[in-house]
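Q: Contents are mmCIF, C-alpha atoms and all ligand atoms; chains and numbers go by the auth columns; file name target.cif:
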data_input
#
loop_
_atom_site.group_PDB
_atom_site.id
_atom_site.type_symbol
_atom_site.label_atom_id
_atom_site.label_comp_id
_atom_site.label_asym_id
_atom_site.label_seq_id
_atom_site.Cartn_x
_atom_site.Cartn_y
_atom_site.Cartn_z
_atom_site.B_iso_or_equiv
_atom_site.auth_seq_id
_atom_site.auth_asym_id
ATOM 1 C CA MET A 1 77.045 136.976 100.623 0.00 19 A
ATOM 2 C CA ALA A 2 77.859 133.340 100.892 0.00 20 A
ATOM 3 C CA ASN A 3 76.889 131.211 97.969 0.00 21 A
ATOM 4 C CA ILE A 4 75.886 127.836 99.228 0.00 22 A
ATOM 5 C CA GLU A 5 76.782 125.036 96.857 0.00 23 A
ATOM 6 C CA HIS A 6 73.740 122.928 96.235 0.00 24 A
ATOM 7 C CA ASP A 7 72.137 120.588 93.755 0.00 25 A
ATOM 8 C CA ASP A 8 69.006 118.491 93.467 0.00 26 A
ATOM 9 C CA THR A 9 69.917 116.122 96.251 0.00 27 A
ATOM 10 C CA GLY A 10 71.688 118.207 98.841 0.00 28 A
ATOM 11 C CA PHE A 11 73.997 121.084 99.674 0.00 29 A
ATOM 12 C CA THR A 12 77.333 121.805 101.260 0.00 30 A
ATOM 13 C CA CYS A 13 77.287 123.786 104.469 0.00 31 A
ATOM 14 C CA GLU A 14 79.766 126.582 105.145 0.00 32 A
ATOM 15 C CA CYS A 15 81.473 124.225 107.543 0.00 33 A
ATOM 16 C CA GLY A 16 82.212 121.965 104.590 0.00 34 A
ATOM 17 C CA LEU A 17 79.815 119.210 105.563 0.00 35 A
ATOM 18 C CA ARG A 18 77.707 117.749 102.780 0.00 36 A
ATOM 19 C CA ASN A 19 74.022 117.521 103.729 0.00 37 A
ATOM 20 C CA GLU A 20 71.782 115.248 101.707 0.00 38 A
ATOM 21 C CA TYR A 21 68.211 116.493 101.647 0.00 39 A
ATOM 22 C CA PRO A 22 65.901 114.353 103.762 0.00 40 A
ATOM 23 C CA GLY A 23 62.902 112.824 101.979 0.00 41 A
ATOM 24 C CA TYR A 24 60.504 115.488 103.207 0.00 42 A
ATOM 25 C CA VAL A 25 62.381 118.170 101.287 0.00 43 A
ATOM 26 C CA GLN A 26 61.333 116.652 97.971 0.00 44 A
ATOM 27 C CA ALA A 27 57.807 116.204 99.304 0.00 45 A
ATOM 28 C CA HIS A 28 57.593 119.861 100.346 0.00 46 A
ATOM 29 C CA TRP A 29 59.491 121.461 97.495 0.00 47 A
ATOM 30 C CA SER A 30 57.377 124.623 97.439 0.00 48 A
ATOM 31 C CA VAL A 31 57.387 125.103 101.191 0.00 49 A
ATOM 32 C CA ARG A 32 60.028 126.979 103.117 0.00 50 A
ATOM 33 C CA LEU A 33 61.790 124.494 105.337 0.00 51 A
ATOM 34 C CA SER A 34 64.306 125.342 107.989 0.00 52 A
ATOM 35 C CA TYR A 35 67.206 122.978 108.173 0.00 53 A
ATOM 36 C CA SER A 36 70.029 122.840 110.661 0.00 54 A
ATOM 37 C CA CYS A 37 73.420 121.421 109.859 0.00 55 A
ATOM 38 C CA ALA A 38 75.234 119.392 112.488 0.00 56 A
ATOM 39 C CA CYS A 39 77.333 122.516 113.155 0.00 57 A
ATOM 40 C CA GLN A 40 74.188 124.455 114.220 0.00 58 A
ATOM 41 C CA ARG A 41 74.131 126.736 111.174 0.00 59 A
ATOM 42 C CA GLN A 42 70.565 127.223 109.976 0.00 60 A
ATOM 43 C CA TYR A 43 69.324 127.301 106.418 0.00 61 A
ATOM 44 C CA ILE A 44 66.064 127.784 104.607 0.00 62 A
ATOM 45 C CA LEU A 45 65.377 125.294 101.837 0.00 63 A
ATOM 46 C CA TYR A 46 62.894 126.488 99.262 0.00 64 A
ATOM 47 C CA ARG A 47 62.264 125.251 95.737 0.00 65 A
ATOM 48 C CA GLY A 48 65.763 123.913 95.404 0.00 66 A
ATOM 49 C CA THR A 49 67.464 127.014 96.737 0.00 67 A
ATOM 50 C CA VAL A 50 69.448 127.168 99.936 0.00 68 A
ATOM 51 C CA VAL A 51 69.640 130.386 101.935 0.00 69 A
ATOM 52 C CA LYS A 52 71.569 130.710 105.119 0.00 70 A
ATOM 53 C CA THR A 53 69.603 132.377 107.884 0.00 71 A
ATOM 54 C CA SER A 54 71.707 134.828 109.811 0.00 72 A
ATOM 55 C CA ARG A 55 71.057 137.200 112.648 0.00 73 A
ATOM 56 C CA GLU A 56 74.001 139.252 111.455 0.00 74 A
ATOM 57 C CA SER A 57 72.010 140.960 108.703 0.00 75 A
ATOM 58 C CA ALA A 58 69.534 142.286 111.266 0.00 76 A
ATOM 59 C CA GLU A 59 72.362 143.822 113.225 0.00 77 A
ATOM 60 C CA ILE A 60 73.829 145.478 110.144 0.00 78 A
ATOM 61 C CA SER A 61 70.604 147.306 109.328 0.00 79 A
ATOM 62 C CA ASP A 62 70.669 148.640 112.866 0.00 80 A
ATOM 63 C CA SER A 63 73.949 150.440 112.348 0.00 81 A
ATOM 64 C CA GLU A 64 73.656 153.912 110.875 0.00 82 A
ATOM 65 C CA ALA A 65 76.881 155.340 112.164 0.00 83 A
ATOM 66 C CA PHE A 66 79.013 156.893 109.440 0.00 84 A
ATOM 67 C CA GLY A 67 80.870 160.127 108.741 0.00 85 A
ATOM 68 C CA ASP A 68 83.036 159.868 111.806 0.00 86 A
HETATM 69 ZN ZN ZN B . 77.614 122.880 108.879 0.00 101 A
#
Would it be possible to restate this file's structure as structure tokens?

A:
Amino acid sequence: MANIEHDDTGFTCECGLRNEYPGYVQAHWSVRLSYSCACQRQYILYRGTVVKTSRESAEISDSEAFGD
């Protein structure tokens, strides 16, 4: 549920590093682009939104253990 701070020219990674969008992001505004921060975290850039891609969510949906 991490909200990634972003604006028209870039975003701030969870590691705290500011990433300026490369030129191709503006050129492909309506295309989903994967982007990796220097810390190896991966994001999807799409129409000015930034979504972190995580494998964790896939693991969560796998867990159905409750009522122990
Ligand atoms: Zn980072």

Q: Distance limit 8 Å, reference ligand ZN 101 (chain A), atoms considered: all atoms listed in the file. Which residues make the cut? Give them as a ChimeraX atom specification.

A: /A:30-36,54-59

Q: Assuming the chain letters and numbering stay as they are in my file, what does the PyMOL selection byres (((chain A and resi 25) around 12) and not hetatm) actually select? List them as an MDAnalysis selection string.

A: chainID A and resid 22:24 26:30 36:39 63 65:68

Q: Just write the chosen residues, C-alpha atoms, as a short mmCIF file (atom, residue, chain, number, x, y, z; two decimals), in the coordinates of the input.

A:
data_model
loop_
_atom_site.label_atom_id
_atom_site.label_comp_id
_atom_site.auth_asym_id
_atom_site.auth_seq_id
_atom_site.Cartn_x
_atom_site.Cartn_y
_atom_site.Cartn_z
CA ILE A 22 75.89 127.84 99.23
CA GLU A 23 76.78 125.04 96.86
CA HIS A 24 73.74 122.93 96.24
CA ASP A 26 69.01 118.49 93.47
CA THR A 27 69.92 116.12 96.25
CA GLY A 28 71.69 118.21 98.84
CA PHE A 29 74.00 121.08 99.67
CA THR A 30 77.33 121.80 101.26
CA ARG A 36 77.71 117.75 102.78
CA ASN A 37 74.02 117.52 103.73
CA GLU A 38 71.78 115.25 101.71
CA TYR A 39 68.21 116.49 101.65
CA LEU A 63 65.38 125.29 101.84
CA ARG A 65 62.26 125.25 95.74
CA GLY A 66 65.76 123.91 95.40
CA THR A 67 67.46 127.01 96.74
CA VAL A 68 69.45 127.17 99.94
#

Q: When you look at Tyr61 (chain A) with a cut-off of 7 Å (counting all atoms listed in the file), what residues show up, excluding the ones that are within fewer than 6 positions of it in the same chain? I need them as number ranges by chain.

A: A: 52-54, 68-71

Q: I'd like to see the residues matched by the PyMOL selection byres (((chain A and resi 48) around 10) and not hetatm) on this file, and ideally I'd get them as a PyMOL selection string.

A: chain A and resi 43-47+49-51+63-66
